[in-house]
$ cat work.pdb   # PDB, C-alpha atoms
ATOM      1  CA  MET A  27      -5.193  23.154  32.781
ATOM      2  CA  ALA A  28      -3.652  24.105  36.121
ATOM      3  CA  ILE A  29      -4.821  27.237  37.888
ATOM      4  CA  GLU A  30      -2.497  30.187  37.377
ATOM      5  CA  ALA A  31      -0.679  32.682  39.554
ATOM      6  CA  GLY A  32      -2.982  35.485  40.661
ATOM      7  CA  THR A  33      -5.919  33.100  41.125
ATOM      8  CA  LYS A  34      -7.563  32.610  44.510
ATOM      9  CA  ALA A  35      -6.577  29.117  45.655
ATOM     10  CA  PRO A  36      -9.522  26.713  45.848
ATOM     11  CA  ASP A  37     -10.168  25.767  49.462
ATOM     12  CA  PHE A  38     -10.164  22.101  50.379
ATOM     13  CA  GLU A  39     -10.617  19.824  53.356
ATOM     14  CA  LEU A  40      -8.568  16.605  53.290
ATOM     15  CA  LYS A  41      -7.458  13.985  55.817
ATOM     16  CA  ASP A  42      -3.751  13.693  56.547
ATOM     17  CA  ASN A  43      -1.728  10.533  57.115
ATOM     18  CA  HIS A  44      -2.853  10.522  60.772
ATOM     19  CA  GLY A  45      -6.559  10.952  59.961
ATOM     20  CA  ARG A  46      -6.649  14.625  60.986
ATOM     21  CA  THR A  47      -8.635  17.079  58.881
ATOM     22  CA  VAL A  48      -6.564  19.773  57.191
ATOM     23  CA  LYS A  49      -8.214  22.768  55.519
ATOM     24  CA  LEU A  50      -6.320  25.206  53.344
ATOM     25  CA  SER A  51      -8.366  28.075  54.762
ATOM     26  CA  ASP A  52      -7.010  27.319  58.254
ATOM     27  CA  PHE A  53      -3.686  28.846  57.149
ATOM     28  CA  ARG A  54      -5.223  32.037  55.737
ATOM     29  CA  GLY A  55      -3.827  35.101  57.453
ATOM     30  CA  GLU A  56      -1.247  32.930  59.243
ATOM     31  CA  LYS A  57       1.111  31.196  56.816
ATOM     32  CA  ASN A  58       2.107  30.920  53.187
ATOM     33  CA  VAL A  59       1.463  27.408  51.881
ATOM     34  CA  VAL A  60       3.584  25.254  49.605
ATOM     35  CA  LEU A  61       0.956  22.930  48.113
ATOM     36  CA  LEU A  62       2.573  20.018  46.342
ATOM     37  CA  PHE A  63       0.658  17.400  44.351
ATOM     38  CA  TYR A  64       2.407  14.133  43.514
ATOM     39  CA  PRO A  65       1.182  10.960  41.781
ATOM     40  CA  PHE A  66       1.710   8.098  44.249
ATOM     41  CA  ALA A  67       3.556   7.144  47.419
ATOM     42  CA  PHE A  68       6.331   4.565  47.145
ATOM     43  CA  THR A  69       7.257   5.453  43.555
ATOM     44  CA  GLY A  70      10.817   6.454  42.735
ATOM     45  CA  VAL A  71      10.498  10.085  41.675
ATOM     46  CA  CYS A  72       7.831  10.861  44.306
ATOM     47  CA  THR A  73       9.909   9.337  47.086
ATOM     48  CA  GLY A  74      12.959  11.304  45.936
ATOM     49  CA  GLU A  75      11.047  14.595  45.860
ATOM     50  CA  LEU A  76       9.371  14.107  49.238
ATOM     51  CA  CYS A  77      12.621  13.014  50.906
ATOM     52  CA  ALA A  78      14.396  16.073  49.473
ATOM     53  CA  LEU A  79      11.701  18.213  51.122
ATOM     54  CA  ARG A  80      12.187  16.273  54.359
ATOM     55  CA  ASP A  81      15.911  17.038  54.228
ATOM     56  CA  GLU A  82      15.229  20.779  53.814
ATOM     57  CA  LEU A  83      12.093  20.907  55.987
ATOM     58  CA  PRO A  84      12.926  24.086  57.985
ATOM     59  CA  THR A  85      12.835  25.989  54.687
ATOM     60  CA  PHE A  86       9.317  24.778  53.893
ATOM     61  CA  GLU A  87       7.733  24.393  57.311
ATOM     62  CA  ASN A  88       8.338  27.217  59.790
ATOM     63  CA  ASP A  89       6.604  30.194  61.441
ATOM     64  CA  ASP A  90       5.827  31.694  58.032
ATOM     65  CA  THR A  91       5.302  28.674  55.755
ATOM     66  CA  GLN A  92       3.424  25.363  55.765
ATOM     67  CA  LEU A  93       4.167  22.454  53.441
ATOM     68  CA  LEU A  94       1.223  20.287  52.357
ATOM     69  CA  ALA A  95       1.793  17.297  50.062
ATOM     70  CA  VAL A  96      -1.246  15.777  48.324
ATOM     71  CA  SER A  97      -1.641  12.469  46.502
ATOM     72  CA  ASN A  98      -4.534  10.253  45.523
ATOM     73  CA  ASP A  99      -3.406   7.496  47.912
ATOM     74  CA  SER A 100      -5.458   6.441  50.946
ATOM     75  CA  ILE A 101      -4.554   7.809  54.383
ATOM     76  CA  HIS A 102      -3.428   4.307  55.374
ATOM     77  CA  THR A 103      -0.930   4.134  52.517
ATOM     78  CA  LEU A 104       0.303   7.626  53.342
ATOM     79  CA  ARG A 105       0.784   6.733  57.018
ATOM     80  CA  VAL A 106       3.034   3.770  56.171
ATOM     81  CA  PHE A 107       4.900   5.803  53.539
ATOM     82  CA  ALA A 108       5.540   8.671  55.987
ATOM     83  CA  GLU A 109       6.741   6.281  58.681
ATOM     84  CA  GLN A 110       9.022   4.420  56.285
ATOM     85  CA  GLU A 111      10.598   7.599  54.882
ATOM     86  CA  GLY A 112      10.598   9.697  58.073
ATOM     87  CA  LEU A 113       8.303  12.355  56.621
ATOM     88  CA  GLU A 114       7.196  14.741  59.378
ATOM     89  CA  TYR A 115       4.997  17.078  57.332
ATOM     90  CA  PRO A 116       1.331  16.455  56.416
ATOM     91  CA  LEU A 117       0.654  14.016  53.591
ATOM     92  CA  LEU A 118      -2.928  14.657  52.490
ATOM     93  CA  SER A 119      -5.187  12.082  50.890
ATOM     94  CA  ASP A 120      -7.210  13.124  47.840
ATOM     95  CA  PHE A 121      -8.482   9.559  47.627
ATOM     96  CA  TRP A 122     -12.213  10.118  47.999
ATOM     97  CA  PRO A 123     -14.000  11.671  46.276
ATOM     98  CA  HIS A 124     -11.183  10.506  44.057
ATOM     99  CA  GLY A 125      -9.077  13.408  42.832
ATOM    100  CA  GLU A 126     -11.563  16.152  43.762
ATOM    101  CA  THR A 127      -8.890  18.554  45.039
ATOM    102  CA  SER A 128      -6.442  17.631  42.277
ATOM    103  CA  ARG A 129      -9.151  18.431  39.741
ATOM    104  CA  ALA A 130      -9.897  21.778  41.427
ATOM    105  CA  TYR A 131      -6.246  22.740  40.886
ATOM    106  CA  GLY A 132      -6.219  21.374  37.321
ATOM    107  CA  VAL A 133      -3.559  18.724  37.945
ATOM    108  CA  PHE A 134      -5.559  15.469  37.816
ATOM    109  CA  ASP A 135      -4.686  13.132  34.925
ATOM    110  CA  GLU A 136      -7.987  11.460  34.064
ATOM    111  CA  ASP A 137      -6.338   8.713  32.001
ATOM    112  CA  LYS A 138      -3.912   7.687  34.738
ATOM    113  CA  GLY A 139      -6.248   8.346  37.698
ATOM    114  CA  CYS A 140      -3.740  10.420  39.645
ATOM    115  CA  ALA A 141      -2.356  13.910  40.083
ATOM    116  CA  VAL A 142       0.576  15.084  38.014
ATOM    117  CA  ARG A 143       3.448  16.959  39.670
ATOM    118  CA  GLY A 144       1.916  20.353  40.387
ATOM    119  CA  THR A 145       3.199  22.819  42.958
ATOM    120  CA  PHE A 146       1.416  25.974  44.076
ATOM    121  CA  ILE A 147       2.852  28.661  46.341
ATOM    122  CA  ILE A 148      -0.119  30.287  48.093
ATOM    123  CA  ASP A 149       0.270  33.508  50.074
ATOM    124  CA  LYS A 150      -1.291  34.312  53.435
ATOM    125  CA  GLU A 151      -4.304  35.865  51.710
ATOM    126  CA  GLY A 152      -5.031  32.621  49.838
ATOM    127  CA  VAL A 153      -3.813  33.758  46.418
ATOM    128  CA  VAL A 154      -1.626  31.559  44.226
ATOM    129  CA  ARG A 155       1.634  33.465  43.705
ATOM    130  CA  TRP A 156       3.657  30.871  41.804
ATOM    131  CA  THR A 157       3.042  27.526  40.148
ATOM    132  CA  VAL A 158       4.856  24.817  38.246
ATOM    133  CA  VAL A 159       3.461  21.639  36.714
ATOM    134  CA  ASN A 160       5.664  18.779  35.567
ATOM    135  CA  GLY A 161       4.766  15.517  33.894
ATOM    136  CA  LEU A 162       4.733  12.261  35.832
ATOM    137  CA  PRO A 163       8.380  11.296  35.212
ATOM    138  CA  ASP A 164       9.855  14.776  35.755
ATOM    139  CA  ALA A 165      11.058  15.769  39.244
ATOM    140  CA  ARG A 166      10.741  19.389  40.354
ATOM    141  CA  ASP A 167      13.584  21.633  41.544
ATOM    142  CA  LEU A 168      13.242  22.632  45.216
ATOM    143  CA  ASN A 169      15.366  25.726  44.588
ATOM    144  CA  ASP A 170      12.500  27.090  42.480
ATOM    145  CA  TYR A 171      10.204  26.829  45.531
ATOM    146  CA  VAL A 172      12.703  28.718  47.665
ATOM    147  CA  LYS A 173      12.957  31.546  45.112
ATOM    148  CA  ALA A 174       9.161  31.749  44.862
ATOM    149  CA  LEU A 175       8.769  31.908  48.655
ATOM    150  CA  ASP A 176      11.460  34.589  48.886
ATOM    151  CA  SER A 177       9.534  36.722  46.387
ATOM    152  CA  ILE A 178       6.358  36.846  48.519
TER     153      ILE A 178
END
$ encode --input "work.pdb" --output "structure tokens"
Amino acid sequence: MAIEAGTKAPDFELKDNHGRTVKLSDFRGEKNVVLLFYPFAFTGVCTGELCALRDELPTFENDDTQLLAVSNDSIHTLRVFAEQEGLEYPLLSDFWPHGETSRAYGVFDEDKGCAVRGTFIIDKEGVVRWTVVNGLPDARDLNDYVKALDSI
């Protein structure tokens, strides 16, 4: 079961597609965070969602907001995926310990070994303000993210 709005967001420390360490707590007091979990790089729905974010990036990555996308792929896979698709925002690897962060947010599918499509809008104080979780085949609507960010 995914964590709910009003819950303090679990902190994490993950490597991005360039091998840099990214901690959620580094954004506390500075930026709202759009934390997006997706199953796997190079799959149709995931690629479509992440490219849609790329195309609207100033909405999701600016002085007030940081976009972080998390999958259970290795950093090496994420680096190639980002280069191929022109993704300029951090792609974080929840590869090892496998799914630890996805589990902390309640979006890891144990049977499939990957995260489902969970999105969490986290405010500057580190509190989850909005969340949506979709099944593996179901793309999310970016307009919902925009509305949630506007309400913070």
$ residues_around --input "work.pdb" --residues "Thr91 of chain A" --least-positions-apart "3" --cutoff "12 Å" --atoms "all atoms listed in the file" --output "list in words"
Phe53, Arg54, Gly55, Glu56, Lys57, Asn58, Val59, Val60, Leu61, Leu83, Pro84, Thr85, Phe86, Glu87, Asn88, Leu94, Tyr115, Ile147, Ile148, Asp149, Lys150, Tyr171, Val172, Ala174, Leu175, Asp176 and Ile178 of chain A
$ axis_aligned_box --input "work.pdb" --around "segment 54-70 of chain A" --padding-each-side "4 Å" --output "AutoDock Vina command-line options"
--center_x 2.8 --center_y 19.8 --center_z 50.5 --size_x 24.0 --size_y 38.5 --size_z 25.5
$ resolve_selection --input "work.pdb" --expression "the PyMOL selection byres ((chain A and resi 143) around 12)" --output "PyMOL selection string"
chain A and resi 28+61-66+71-72+75-76+95-98+128+131-135+140-142+144-146+157-167
$ closest_residue --input "work.pdb" --among "A:Thr127, A:Asp137, A:Leu40, A:Cys77" --to "Gln110 of chain A" --atoms "all atoms listed in the file"
A:Cys77
$ closest_residue --input "work.pdb" --among "A:Gly32, A:Gly139, A:Gly125, A:Pro116" --to "Val153 of chain A" --atoms "all atoms listed in the file"
A:Gly32
$ atom_distance --input "work.pdb" --atom1 "atom CA of Thr47 of chain A" --atom2 "atom CA of Glu126 of chain A"
15.4 Å
$ atom_distance --input "work.pdb" --atom1 "atom CA of Glu136 of chain A" --atom2 "atom CA of Ser119 of chain A"
17.1 Å
$ atom_distance --input "work.pdb" --atom1 "atom CA of Leu50 of chain A" --atom2 "atom CA of Phe38 of chain A"
5.8 Å
$ closest_residue --input "work.pdb" --among "A:Glu82, A:Leu168, A:Ser177, A:Val154" --to "Asp37 of chain A" --atoms "all atoms listed in the file"
A:Val154
$ closest_residue --input "work.pdb" --among "A:Gln92, A:Thr73, A:Ser100, A:Ser51" --to "Leu113 of chain A" --atoms "all atoms listed in the file"
A:Thr73
$ resolve_selection --input "work.pdb" --expression "the PyMOL selection byres ((chain A and resi 41) around 10)" --output "MDAnalysis selection string"
chainID A and resid 39:40 42:49 96 100:101 116:122
